[in-house]
file entry.txt (compact mmCIF, C-alpha atoms and all ligand atoms)
# COMPACT_ATOMS: atom_id res chain seq x y z
CA MET A 1 20.57 -10.77 9.04
CA ARG A 2 17.44 -9.88 10.95
CA ALA A 3 14.04 -11.20 9.90
CA VAL A 4 10.52 -11.33 11.35
CA THR A 5 9.70 -14.98 11.99
CA PHE A 6 6.53 -16.83 12.89
CA GLN A 7 6.79 -18.60 16.23
CA GLY A 8 3.23 -19.82 16.82
CA ALA A 9 -0.27 -18.36 16.96
CA GLY A 10 -0.02 -14.76 18.20
CA GLN A 11 3.77 -14.85 18.29
CA VAL A 12 6.31 -13.31 15.96
CA ARG A 13 9.86 -12.29 16.78
CA VAL A 14 12.89 -10.76 15.13
CA ASP A 15 15.50 -13.49 14.64
CA ASP A 16 18.98 -13.71 13.22
CA VAL A 17 18.66 -15.89 10.14
CA GLY A 18 21.04 -16.89 7.36
CA GLU A 19 21.53 -14.49 4.46
CA PRO A 20 20.00 -15.55 1.12
CA GLU A 21 22.27 -16.53 -1.77
CA LEU A 22 21.61 -16.72 -5.50
CA THR A 23 20.92 -20.30 -6.56
CA THR A 24 19.60 -19.92 -10.12
CA ALA A 25 20.26 -17.49 -12.99
CA ASP A 26 16.81 -15.86 -12.84
CA GLU A 27 17.03 -14.69 -9.21
CA ALA A 28 17.86 -11.38 -7.58
CA ILE A 29 18.64 -10.37 -4.01
CA VAL A 30 17.03 -7.20 -2.69
CA ARG A 31 18.10 -5.21 0.38
CA VAL A 32 14.65 -4.42 1.78
CA GLU A 33 14.21 -0.77 2.77
CA ALA A 34 10.49 -0.89 3.54
CA SER A 35 8.04 -3.75 4.00
CA GLY A 36 4.34 -3.81 4.75
CA VAL A 37 2.29 -5.68 7.34
CA CYS A 38 -0.84 -6.97 5.64
CA GLY A 39 -4.17 -8.61 6.41
CA SER A 40 -2.86 -11.90 5.06
CA ASP A 41 0.03 -11.75 7.54
CA LEU A 42 -2.64 -11.59 10.21
CA HIS A 43 -4.22 -14.84 8.96
CA ILE A 44 -0.84 -16.49 9.59
CA TYR A 45 -0.42 -14.69 12.92
CA HIS A 46 -3.78 -16.06 14.07
CA GLY A 47 -2.82 -19.58 13.01
CA ARG A 48 -5.60 -19.78 10.40
CA VAL A 49 -3.00 -20.22 7.68
CA ALA A 50 -0.46 -22.79 8.83
CA ILE A 51 3.23 -22.13 8.22
CA GLU A 52 6.39 -23.55 9.74
CA GLN A 53 7.81 -22.19 12.98
CA GLY A 54 10.75 -19.90 12.20
CA PHE A 55 9.55 -19.03 8.69
CA THR A 56 10.08 -15.38 7.68
CA LEU A 57 6.89 -13.37 7.11
CA GLY A 58 6.05 -10.54 4.71
CA HIS A 59 5.28 -10.11 1.01
CA GLU A 60 5.17 -6.33 0.41
CA TYR A 61 8.56 -4.74 -0.17
CA VAL A 62 10.65 -1.99 -1.68
CA GLY A 63 14.42 -1.97 -1.70
CA THR A 64 17.67 -1.97 -3.64
CA VAL A 65 18.99 -4.81 -5.76
CA THR A 66 22.31 -6.08 -4.38
CA ALA A 67 22.89 -9.03 -6.73
CA VAL A 68 21.33 -10.60 -9.82
CA GLY A 69 21.77 -13.92 -11.59
CA GLU A 70 23.17 -13.86 -15.10
CA GLY A 71 19.75 -14.45 -16.67
CA VAL A 72 18.20 -11.30 -15.18
CA SER A 73 17.88 -8.38 -17.62
CA ARG A 74 15.10 -6.11 -16.36
CA VAL A 75 16.81 -4.96 -13.15
CA ALA A 76 20.44 -4.59 -12.16
CA GLU A 77 22.53 -4.18 -9.03
CA GLY A 78 21.85 -0.79 -7.45
CA ASP A 79 18.33 -0.40 -8.86
CA ARG A 80 15.60 0.72 -6.49
CA VAL A 81 12.80 -1.81 -6.98
CA LEU A 82 9.48 -3.03 -5.77
CA GLY A 83 8.12 -6.50 -6.23
CA THR A 84 4.85 -8.37 -6.40
CA TYR A 85 3.66 -10.51 -3.49
CA CYS A 86 3.84 -13.64 -5.61
CA THR A 87 6.01 -15.04 -8.36
CA ALA A 88 5.10 -16.78 -11.62
CA CYS A 89 7.10 -18.92 -14.04
CA GLY A 90 6.14 -17.02 -17.19
CA GLU A 91 6.04 -20.25 -19.19
CA CYS A 92 3.12 -22.43 -18.16
CA PHE A 93 -0.34 -22.65 -19.79
CA PHE A 94 -1.68 -19.93 -17.47
CA CYS A 95 1.29 -17.56 -17.73
CA GLU A 96 1.08 -17.75 -21.53
CA ARG A 97 -2.45 -16.38 -21.15
CA ARG A 98 -1.15 -13.74 -18.73
CA ASP A 99 -3.14 -15.34 -15.91
CA PHE A 100 -0.01 -15.03 -13.78
CA HIS A 101 -2.04 -15.29 -10.55
CA LYS A 102 -2.95 -18.86 -11.48
CA CYS A 103 0.56 -19.92 -12.54
CA ASP A 104 1.12 -23.64 -12.05
CA ASN A 105 4.48 -22.84 -10.48
CA GLY A 106 3.54 -19.67 -8.61
CA ARG A 107 4.93 -19.02 -5.15
CA VAL A 108 3.99 -16.46 -2.49
CA PHE A 109 6.54 -14.70 -0.28
CA GLY A 110 6.27 -15.34 3.44
CA HIS A 111 3.61 -18.06 3.33
CA GLY A 112 5.53 -21.21 4.19
CA ALA A 113 5.90 -24.53 2.40
CA THR A 114 2.34 -24.75 1.11
CA LEU A 115 2.83 -21.68 -1.09
CA GLY A 116 6.29 -22.43 -2.36
CA SER A 117 8.69 -22.05 0.60
CA LEU A 118 9.62 -18.50 -0.28
CA GLN A 119 11.07 -16.65 2.72
CA GLY A 120 9.33 -13.37 3.47
CA ALA A 121 10.14 -9.71 2.96
CA GLN A 122 10.00 -8.51 6.57
CA ALA A 123 13.75 -8.95 6.64
CA GLU A 124 16.94 -7.15 5.73
CA LEU A 125 17.49 -9.18 2.55
CA LEU A 126 15.08 -10.97 0.21
CA LEU A 127 15.72 -13.64 -2.42
CA VAL A 128 13.47 -12.98 -5.44
CA PRO A 129 12.89 -15.76 -8.00
CA ASN A 130 12.19 -14.95 -11.65
CA ALA A 131 13.22 -11.34 -11.00
CA ASP A 132 12.34 -10.17 -14.53
CA LEU A 133 8.69 -10.91 -13.87
CA THR A 134 8.58 -10.19 -10.12
CA LEU A 135 10.51 -6.90 -9.83
CA ARG A 136 10.12 -3.44 -11.33
CA GLU A 137 12.24 -0.33 -11.00
CA VAL A 138 10.49 2.26 -8.84
CA PRO A 139 9.74 5.34 -10.97
CA ASP A 140 11.34 8.58 -9.74
CA GLY A 141 9.29 10.58 -7.31
CA ILE A 142 7.43 7.70 -5.68
CA SER A 143 8.12 7.17 -1.99
CA ASP A 144 8.91 3.68 -0.64
CA GLU A 145 5.63 3.45 1.18
CA VAL A 146 3.58 4.35 -1.90
CA ALA A 147 5.57 2.02 -4.15
CA LEU A 148 5.05 -0.99 -1.94
CA PHE A 149 1.30 -0.77 -2.53
CA ALA A 150 1.85 -1.63 -6.23
CA GLY A 151 2.90 -5.20 -5.53
CA ASP A 152 -0.11 -6.18 -3.47
CA VAL A 153 -2.80 -3.93 -2.01
CA MET A 154 -3.24 -1.38 -4.81
CA GLY A 155 -2.68 -4.12 -7.38
CA THR A 156 -5.56 -5.99 -5.76
CA GLY A 157 -7.83 -2.94 -5.62
CA TYR A 158 -6.96 -2.24 -9.25
CA HIS A 159 -7.72 -5.81 -10.33
CA ALA A 160 -11.04 -5.80 -8.45
CA VAL A 161 -12.19 -2.72 -10.37
CA ILE A 162 -10.48 -2.87 -13.77
CA GLU A 163 -11.48 -6.44 -14.57
CA THR A 164 -15.14 -5.40 -14.36
CA GLY A 165 -14.94 -2.74 -17.07
CA VAL A 166 -15.50 0.26 -14.77
CA GLY A 167 -15.00 3.48 -16.75
CA PRO A 168 -16.24 7.05 -17.12
CA GLY A 169 -19.74 7.42 -15.70
CA SER A 170 -19.80 4.05 -13.93
CA SER A 171 -21.45 3.53 -10.58
CA VAL A 172 -19.64 1.36 -8.07
CA ALA A 173 -20.28 0.14 -4.53
CA VAL A 174 -17.35 -1.01 -2.41
CA LEU A 175 -18.12 -3.20 0.60
CA GLY A 176 -15.41 -3.21 3.26
CA LEU A 177 -13.02 -0.29 3.63
CA GLY A 178 -9.84 -2.00 4.67
CA PRO A 179 -6.76 -1.10 2.62
CA VAL A 180 -7.93 -3.10 -0.43
CA GLY A 181 -11.42 -1.61 -0.32
CA LEU A 182 -10.04 1.92 0.00
CA CYS A 183 -7.69 1.27 -2.92
CA ALA A 184 -10.67 -0.01 -4.95
CA VAL A 185 -12.49 3.24 -4.13
CA GLN A 186 -9.51 5.22 -5.45
CA VAL A 187 -9.20 3.15 -8.61
CA ALA A 188 -12.91 3.42 -9.39
CA LEU A 189 -12.78 7.21 -9.04
CA ALA A 190 -9.54 7.45 -11.04
CA GLU A 191 -11.13 5.44 -13.85
CA GLY A 192 -13.93 7.96 -14.03
CA ALA A 193 -16.71 6.39 -11.96
CA THR A 194 -19.12 9.16 -11.02
CA LYS A 195 -20.83 7.37 -8.13
CA VAL A 196 -18.76 5.41 -5.66
CA ILE A 197 -20.63 4.25 -2.59
CA ALA A 198 -18.33 3.04 0.19
CA VAL A 199 -19.80 0.79 2.90
CA ASP A 200 -18.26 -0.12 6.25
CA THR A 201 -19.00 0.06 9.98
CA VAL A 202 -15.88 1.96 11.09
CA ASP A 203 -16.35 5.72 11.15
CA ALA A 204 -12.68 6.56 10.54
CA ARG A 205 -12.65 4.40 7.42
CA LEU A 206 -15.90 5.92 6.17
CA GLU A 207 -14.39 9.36 6.70
CA LEU A 208 -11.28 8.39 4.75
CA ALA A 209 -13.51 7.14 1.89
CA ARG A 210 -15.33 10.47 1.94
CA SER A 211 -12.04 12.35 1.76
CA LEU A 212 -11.12 10.30 -1.34
CA GLY A 213 -14.37 11.34 -3.04
CA ALA A 214 -16.74 8.45 -2.28
CA GLU A 215 -20.17 8.59 -0.68
CA PRO A 216 -19.76 6.84 2.69
CA VAL A 217 -22.62 4.68 3.97
CA HIS A 218 -22.62 3.06 7.40
CA LEU A 219 -23.60 -0.60 7.02
CA THR A 220 -25.90 -0.79 10.06
CA GLU A 221 -26.73 2.80 10.98
CA GLU A 222 -27.73 3.62 7.42
CA ASP A 223 -29.31 1.60 4.61
CA PRO A 224 -26.88 0.72 1.80
CA ARG A 225 -29.68 -0.53 -0.45
CA ALA A 226 -31.58 2.74 -0.12
CA ALA A 227 -28.39 4.73 -0.72
CA VAL A 228 -27.61 2.77 -3.88
CA LYS A 229 -31.17 3.12 -5.16
CA ALA A 230 -31.09 6.87 -4.56
CA ALA A 231 -27.78 7.21 -6.41
CA THR A 232 -28.74 5.10 -9.45
CA GLU A 233 -32.36 5.95 -10.31
CA LYS A 234 -33.28 2.73 -8.44
CA ARG A 235 -31.31 0.57 -10.90
CA GLY A 236 -28.48 -0.56 -8.67
CA VAL A 237 -24.78 -0.01 -9.27
CA ASP A 238 -22.92 -1.29 -12.32
CA VAL A 239 -20.33 -3.00 -10.15
CA THR A 240 -20.08 -4.00 -6.51
CA VAL A 241 -16.69 -4.90 -5.04
CA ASP A 242 -16.87 -7.32 -2.10
CA ALA A 243 -13.68 -6.51 -0.22
CA VAL A 244 -14.90 -8.29 2.92
CA GLY A 245 -15.03 -12.02 2.27
CA HIS A 246 -18.16 -12.89 4.26
CA PRO A 247 -21.42 -14.50 3.03
CA ASP A 248 -23.44 -11.48 4.19
CA ALA A 249 -21.23 -9.17 2.13
CA LEU A 250 -21.59 -11.32 -0.96
CA ASP A 251 -25.36 -11.43 -0.51
CA LEU A 252 -25.52 -7.64 -0.15
CA ALA A 253 -23.26 -7.24 -3.20
CA CYS A 254 -25.68 -9.28 -5.32
CA ARG A 255 -28.59 -7.12 -4.14
CA LEU A 256 -26.84 -3.76 -4.70
CA THR A 257 -25.75 -4.57 -8.25
CA ARG A 258 -27.99 -3.71 -11.19
CA LYS A 259 -29.31 -6.22 -13.72
CA ALA A 260 -26.52 -7.46 -16.00
CA GLY A 261 -23.98 -5.89 -13.65
CA THR A 262 -20.88 -7.40 -12.10
CA VAL A 263 -19.98 -8.50 -8.57
CA SER A 264 -16.23 -8.44 -8.04
CA VAL A 265 -15.31 -10.77 -5.19
CA THR A 266 -11.86 -9.88 -3.92
CA GLY A 267 -12.52 -10.75 -0.27
CA VAL A 268 -11.17 -14.21 0.54
CA TYR A 269 -13.46 -17.27 0.56
CA ALA A 270 -12.25 -20.75 1.42
CA GLU A 271 -15.46 -22.47 2.54
CA ARG A 272 -18.78 -23.51 1.13
CA LEU A 273 -21.49 -20.91 1.48
CA GLU A 274 -25.10 -20.39 0.53
CA LEU A 275 -25.60 -17.95 -2.33
CA HIS A 276 -29.02 -16.86 -3.61
CA MET A 277 -28.46 -18.16 -7.12
CA GLY A 278 -31.99 -17.07 -8.04
CA ILE A 279 -30.93 -13.43 -7.62
CA VAL A 280 -27.68 -13.98 -9.51
CA TRP A 281 -29.48 -15.72 -12.39
CA ILE A 282 -32.60 -13.57 -12.68
CA LYS A 283 -30.47 -10.40 -12.60
CA ALA A 284 -27.93 -11.96 -15.01
CA LEU A 285 -25.06 -10.98 -12.74
CA THR A 286 -21.45 -11.72 -13.59
CA LEU A 287 -19.27 -12.92 -10.72
CA LYS A 288 -15.55 -12.15 -10.90
CA THR A 289 -13.55 -13.91 -8.20
CA GLY A 290 -10.14 -14.93 -6.99
CA HIS A 291 -6.71 -13.57 -6.19
CA ALA A 292 -5.59 -10.45 -7.99
CA ASN A 293 -3.36 -10.76 -11.03
CA VAL A 294 -0.86 -8.25 -9.65
CA ILE A 295 1.95 -9.22 -12.01
CA LYS A 296 -0.27 -8.37 -14.99
CA HIS A 297 -1.31 -5.07 -13.42
CA VAL A 298 1.90 -3.86 -11.80
CA ASP A 299 2.98 -1.60 -14.70
CA PRO A 300 -0.30 0.33 -15.11
CA VAL A 301 -0.57 0.63 -11.33
CA LEU A 302 2.95 2.05 -11.08
CA GLU A 303 2.15 4.53 -13.87
CA ARG A 304 -0.88 5.74 -11.96
CA LEU A 305 1.07 5.99 -8.69
CA ALA A 306 3.80 7.98 -10.48
CA SER A 307 1.31 10.39 -12.04
CA GLY A 308 -0.54 10.80 -8.74
CA ALA A 309 -3.81 9.49 -10.21
CA LEU A 310 -3.65 6.93 -7.39
CA ASP A 311 -2.20 7.93 -4.04
CA PRO A 312 -2.49 5.48 -1.14
CA SER A 313 -0.26 7.49 1.20
CA SER A 314 -3.20 8.38 3.45
CA LEU A 315 -3.63 4.64 4.14
CA VAL A 316 -0.22 4.39 5.80
CA THR A 317 -1.09 4.95 9.44
CA HIS A 318 2.03 3.56 11.15
CA HIS A 319 5.78 3.64 10.55
CA MET A 320 7.73 1.24 12.76
CA LYS A 321 11.15 -0.38 13.01
CA LEU A 322 11.64 -3.95 11.81
CA ASP A 323 12.93 -4.66 15.32
CA ASP A 324 9.51 -3.67 16.71
CA ALA A 325 7.66 -6.18 14.52
CA ALA A 326 6.09 -8.00 17.48
CA GLU A 327 4.49 -4.74 18.58
CA ALA A 328 3.49 -3.95 14.99
CA TYR A 329 1.59 -7.23 14.74
CA GLU A 330 -0.16 -6.51 18.04
CA VAL A 331 -1.17 -3.06 16.83
CA TYR A 332 -2.44 -4.50 13.55
CA ASP A 333 -4.27 -7.29 15.36
CA ARG A 334 -6.10 -4.68 17.47
CA ARG A 335 -7.24 -3.08 14.18
CA GLU A 336 -5.60 0.18 15.13
CA ALA A 337 -3.72 0.45 11.84
CA LEU A 338 -4.67 0.41 8.15
CA LYS A 339 -1.14 -0.11 6.85
CA ILE A 340 2.05 -0.48 8.86
CA VAL A 341 5.37 0.10 7.11
CA LEU A 342 8.42 -1.53 8.70
CA ARG A 343 11.98 -0.32 8.11
CA PRO A 344 15.18 -2.10 9.12
ZN ZN B 401 -0.35 -7.98 1.49
ZN ZN B 402 3.42 -20.04 -14.90

call {"tool": "encode", "arguments": {"input": "entry.txt", "output": "structure tokens"}}
result
Amino acid sequence: MRAVTFQGAGQVRVDDVGEPELTTADEAIVRVEASGVCGSDLHIYHGRVAIEQGFTLGHEYVGTVTAVGEGVSRVAEGDRVLGTYCTACGECFFCERRDFHKCDNGRVFGHGATLGSLQGAQAELLLVPNADLTLREVPDGISDEVALFAGDVMGTGYHAVIETGVGPGSSVAVLGLGPVGLCAVQVALAEGATKVIAVDTVDARLELARSLGAEPVHLTEEDPRAAVKAATEKRGVDVTVDAVGHPDALDLACRLTRKAGTVSVTGVYAERLELHMGIVWIKALTLKTGHANVIKHVDPVLERLASGALDPSSLVTHHMKLDDAAEAYEVYDRREALKIVLRP
């Protein structure tokens, strides 16, 4: 079968690789009909996240189940399914607390040996461990490209907002309008937030945020702090989502958030950084951090996609063939696309 494999920094190619086979009773095999190219694929592409040469990339997928192990009960052969970007065991200390994103035995598709040696979804077939926890049937009426947001990007935007208690009347600032930031904007509005201030430097992304119902603010040509003050009787927003992952964004997030508010850090941090703890402490801010718990959230996210309360279809900017994956990565690397959907 064909699969998109990592060949070295800046190099992917479509290879013929062996077809997956069921090895344990909890697994399923999915014929992938659509897969996404994601910002985390780009980290691998750039060589910042090391994986083995020849490893198959991709962790966002929708397809049809072609085989299940005898222990799988939630999905069956022939079902149209989507899956989460990671797996969890369902049995460890963390899974028992539904902190599936911190599972001791969790694995991530398409991220090489360090994250569990799980071959990726940018392929014709995908082996899915613990299918009862990882896969869901796609509700009728949802397109492939909308459904594949549930297992990663929208799940992450949902987590970033919902875990902070955003509800009717809330005010929210979202820093960084990549796909996750734009999904966070949608979730905040869908949950009833009345002020959503969306900050970025790219005009097209600001315009998209405006079309979703947010107030767009250009990071450098305008003044986000003044905009937040004007929108909140000078208090600051209840919640700021940092969907950037840069010390400057985190600093701004702490300044935009009101006293006793919450900063939701969904942008990725791996290094030490300087944080003005005086601001965090004096304002009594809560910091929420880490990967999104997409397995916990996948059902409510799917419900909202099915009802149309959330609709990420405007974020899909490119449809390409799996065979054109090398070009897709180049396009994504040039930041010309928000979300690319690949089809075999
Ligand atoms: Zn992703
Ligand atoms: Zn676990």

call {"tool": "residues_near_point", "arguments": {"input": "entry.txt", "point": "(-17.7, -0.2, 11.3)", "cutoff": "12 Å", "atoms": "only C-alpha atoms", "output": "list in words"}}
result
Leu175, Gly176, Leu177, Gly178, Ala198, Val199, Asp200, Thr201, Val202, Asp203, Ala204, Arg205, Leu206, Glu207, Pro216, Val217, His218, Leu219, Thr220, Glu221, Glu222, Val244 and Arg335 of chain A

call {"tool": "residues_around", "arguments": {"input": "entry.txt", "residues": "A:Gly169", "least_positions_apart": "5", "cutoff": "12 Å", "atoms": "all atoms listed in the file", "output": "VMD selection string"}}
result
chain A and resid 188 to 196 232 237 to 239

call {"tool": "residues_around", "arguments": {"input": "entry.txt", "residues": "stretch 312-316 of chain A", "least_positions_apart": "5", "cutoff": "10 Å", "atoms": "all atoms listed in the file", "output": "ChimeraX atom specification"}}
result
/A:36,143,145-150,153-154,178-180,182-183,186,205,208,211-212,305,337-341

call {"tool": "closest_atom_pairs", "arguments": {"input": "entry.txt", "of": "chain A", "to": "ligand ZN 401 (chain B)", "cutoff": "7 Å", "atoms": "all atoms listed in the file", "output": "tab-separated table"}}
result
residue	atom	partner	partner_atom	distance
A:Val37	CA	B:ZN401	ZN	6.8
A:Cys38	CA	B:ZN401	ZN	4.3
A:Gly39	CA	B:ZN401	ZN	6.3
A:Ser40	CA	B:ZN401	ZN	5.9
A:His59	CA	B:ZN401	ZN	6.0
A:Glu60	CA	B:ZN401	ZN	5.9
A:Tyr85	CA	B:ZN401	ZN	6.9
A:Asp152	CA	B:ZN401	ZN	5.3
A:Val153	CA	B:ZN401	ZN	5.9

call {"tool": "residues_near_point", "arguments": {"input": "entry.txt", "point": "(-18.0, -16.7, -13.4)", "cutoff": "12 Å", "atoms": "all atoms listed in the file", "output": "PDB file with C-alpha atoms, in the coordinates of the input"}}
result
ATOM      1  CA  THR A 164     -15.140  -5.400 -14.360  1.00  0.00           C
ATOM      2  CA  THR A 262     -20.880  -7.400 -12.100  1.00  0.00           C
ATOM      3  CA  VAL A 263     -19.980  -8.500  -8.570  1.00  0.00           C
ATOM      4  CA  SER A 264     -16.230  -8.440  -8.040  1.00  0.00           C
ATOM      5  CA  VAL A 265     -15.310 -10.770  -5.190  1.00  0.00           C
ATOM      6  CA  VAL A 280     -27.680 -13.980  -9.510  1.00  0.00           C
ATOM      7  CA  TRP A 281     -29.480 -15.720 -12.390  1.00  0.00           C
ATOM      8  CA  ALA A 284     -27.930 -11.960 -15.010  1.00  0.00           C
ATOM      9  CA  LEU A 285     -25.060 -10.980 -12.740  1.00  0.00           C
ATOM     10  CA  THR A 286     -21.450 -11.720 -13.590  1.00  0.00           C
ATOM     11  CA  LEU A 287     -19.270 -12.920 -10.720  1.00  0.00           C
ATOM     12  CA  LYS A 288     -15.550 -12.150 -10.900  1.00  0.00           C
ATOM     13  CA  THR A 289     -13.550 -13.910  -8.200  1.00  0.00           C
ATOM     14  CA  GLY A 290     -10.140 -14.930  -6.990  1.00  0.00           C
TER      15      GLY A 290
END

call {"tool": "build_atoms", "arguments": {"input": "entry.txt", "residues": "stretch 84-99 of chain A", "atoms": "N, CA, C and O atoms", "output": "mmCIF file, in the coordinates of the input"}}
result
data_model
loop_
_atom_site.group_PDB
_atom_site.id
_atom_site.type_symbol
_atom_site.label_atom_id
_atom_site.label_comp_id
_atom_site.auth_asym_id
_atom_site.auth_seq_id
_atom_site.Cartn_x
_atom_site.Cartn_y
_atom_site.Cartn_z
ATOM 1 N N THR A 84 6.200 -7.870 -6.652
ATOM 2 C CA THR A 84 4.850 -8.370 -6.400
ATOM 3 C C THR A 84 4.877 -9.396 -5.273
ATOM 4 O O THR A 84 5.915 -9.975 -4.974
ATOM 5 N N TYR A 85 3.712 -9.622 -4.664
ATOM 6 C CA TYR A 85 3.660 -10.510 -3.490
ATOM 7 C C TYR A 85 3.877 -11.969 -3.865
ATOM 8 O O TYR A 85 4.171 -12.800 -3.024
ATOM 9 N N CYS A 86 3.708 -12.259 -5.164
ATOM 10 C CA CYS A 86 3.840 -13.640 -5.610
ATOM 11 C C CYS A 86 4.761 -13.676 -6.821
ATOM 12 O O CYS A 86 5.062 -12.653 -7.420
ATOM 13 N N THR A 87 5.197 -14.867 -7.165
ATOM 14 C CA THR A 87 6.010 -15.040 -8.360
ATOM 15 C C THR A 87 5.245 -15.914 -9.352
ATOM 16 O O THR A 87 4.267 -16.570 -8.985
ATOM 17 N N ALA A 88 5.672 -15.907 -10.598
ATOM 18 C CA ALA A 88 5.100 -16.780 -11.620
ATOM 19 C C ALA A 88 6.230 -17.224 -12.529
ATOM 20 O O ALA A 88 7.269 -16.571 -12.606
ATOM 21 N N CYS A 89 6.005 -18.360 -13.231
ATOM 22 C CA CYS A 89 7.100 -18.920 -14.040
ATOM 23 C C CYS A 89 7.230 -18.239 -15.389
ATOM 24 O O CYS A 89 8.294 -18.232 -15.993
ATOM 25 N N GLY A 90 6.101 -17.679 -15.883
ATOM 26 C CA GLY A 90 6.140 -17.020 -17.190
ATOM 27 C C GLY A 90 6.058 -17.984 -18.361
ATOM 28 O O GLY A 90 6.066 -17.535 -19.515
ATOM 29 N N GLU A 91 5.953 -19.275 -18.098
ATOM 30 C CA GLU A 91 6.040 -20.250 -19.190
ATOM 31 C C GLU A 91 4.897 -21.246 -19.253
ATOM 32 O O GLU A 91 4.712 -21.903 -20.275
ATOM 33 N N CYS A 92 4.140 -21.380 -18.189
ATOM 34 C CA CYS A 92 3.120 -22.430 -18.160
ATOM 35 C C CYS A 92 1.876 -22.000 -18.965
ATOM 36 O O CYS A 92 1.785 -20.877 -19.459
ATOM 37 N N PHE A 93 0.921 -22.907 -19.079
ATOM 38 C CA PHE A 93 -0.340 -22.650 -19.790
ATOM 39 C C PHE A 93 -0.959 -21.326 -19.332
ATOM 40 O O PHE A 93 -1.388 -20.509 -20.138
ATOM 41 N N PHE A 94 -0.996 -21.108 -18.004
ATOM 42 C CA PHE A 94 -1.680 -19.930 -17.470
ATOM 43 C C PHE A 94 -0.863 -18.657 -17.676
ATOM 44 O O PHE A 94 -1.404 -17.600 -18.017
ATOM 45 N N CYS A 95 0.454 -18.731 -17.491
ATOM 46 C CA CYS A 95 1.290 -17.560 -17.730
ATOM 47 C C CYS A 95 1.237 -17.132 -19.191
ATOM 48 O O CYS A 95 1.232 -15.936 -19.495
ATOM 49 N N GLU A 96 1.174 -18.107 -20.113
ATOM 50 C CA GLU A 96 1.080 -17.750 -21.530
ATOM 51 C C GLU A 96 -0.174 -16.940 -21.820
ATOM 52 O O GLU A 96 -0.209 -16.134 -22.740
ATOM 53 N N ARG A 97 -1.205 -17.159 -21.014
ATOM 54 C CA ARG A 97 -2.450 -16.380 -21.150
ATOM 55 C C ARG A 97 -2.450 -15.152 -20.254
ATOM 56 O O ARG A 97 -3.472 -14.500 -20.098
ATOM 57 N N ARG A 98 -1.320 -14.857 -19.655
ATOM 58 C CA ARG A 98 -1.150 -13.740 -18.730
ATOM 59 C C ARG A 98 -2.024 -13.865 -17.480
ATOM 60 O O ARG A 98 -2.301 -12.896 -16.795
ATOM 61 N N ASP A 99 -2.471 -15.083 -17.183
ATOM 62 C CA ASP A 99 -3.140 -15.340 -15.910
ATOM 63 C C ASP A 99 -2.075 -15.723 -14.879
ATOM 64 O O ASP A 99 -2.056 -16.837 -14.344
#
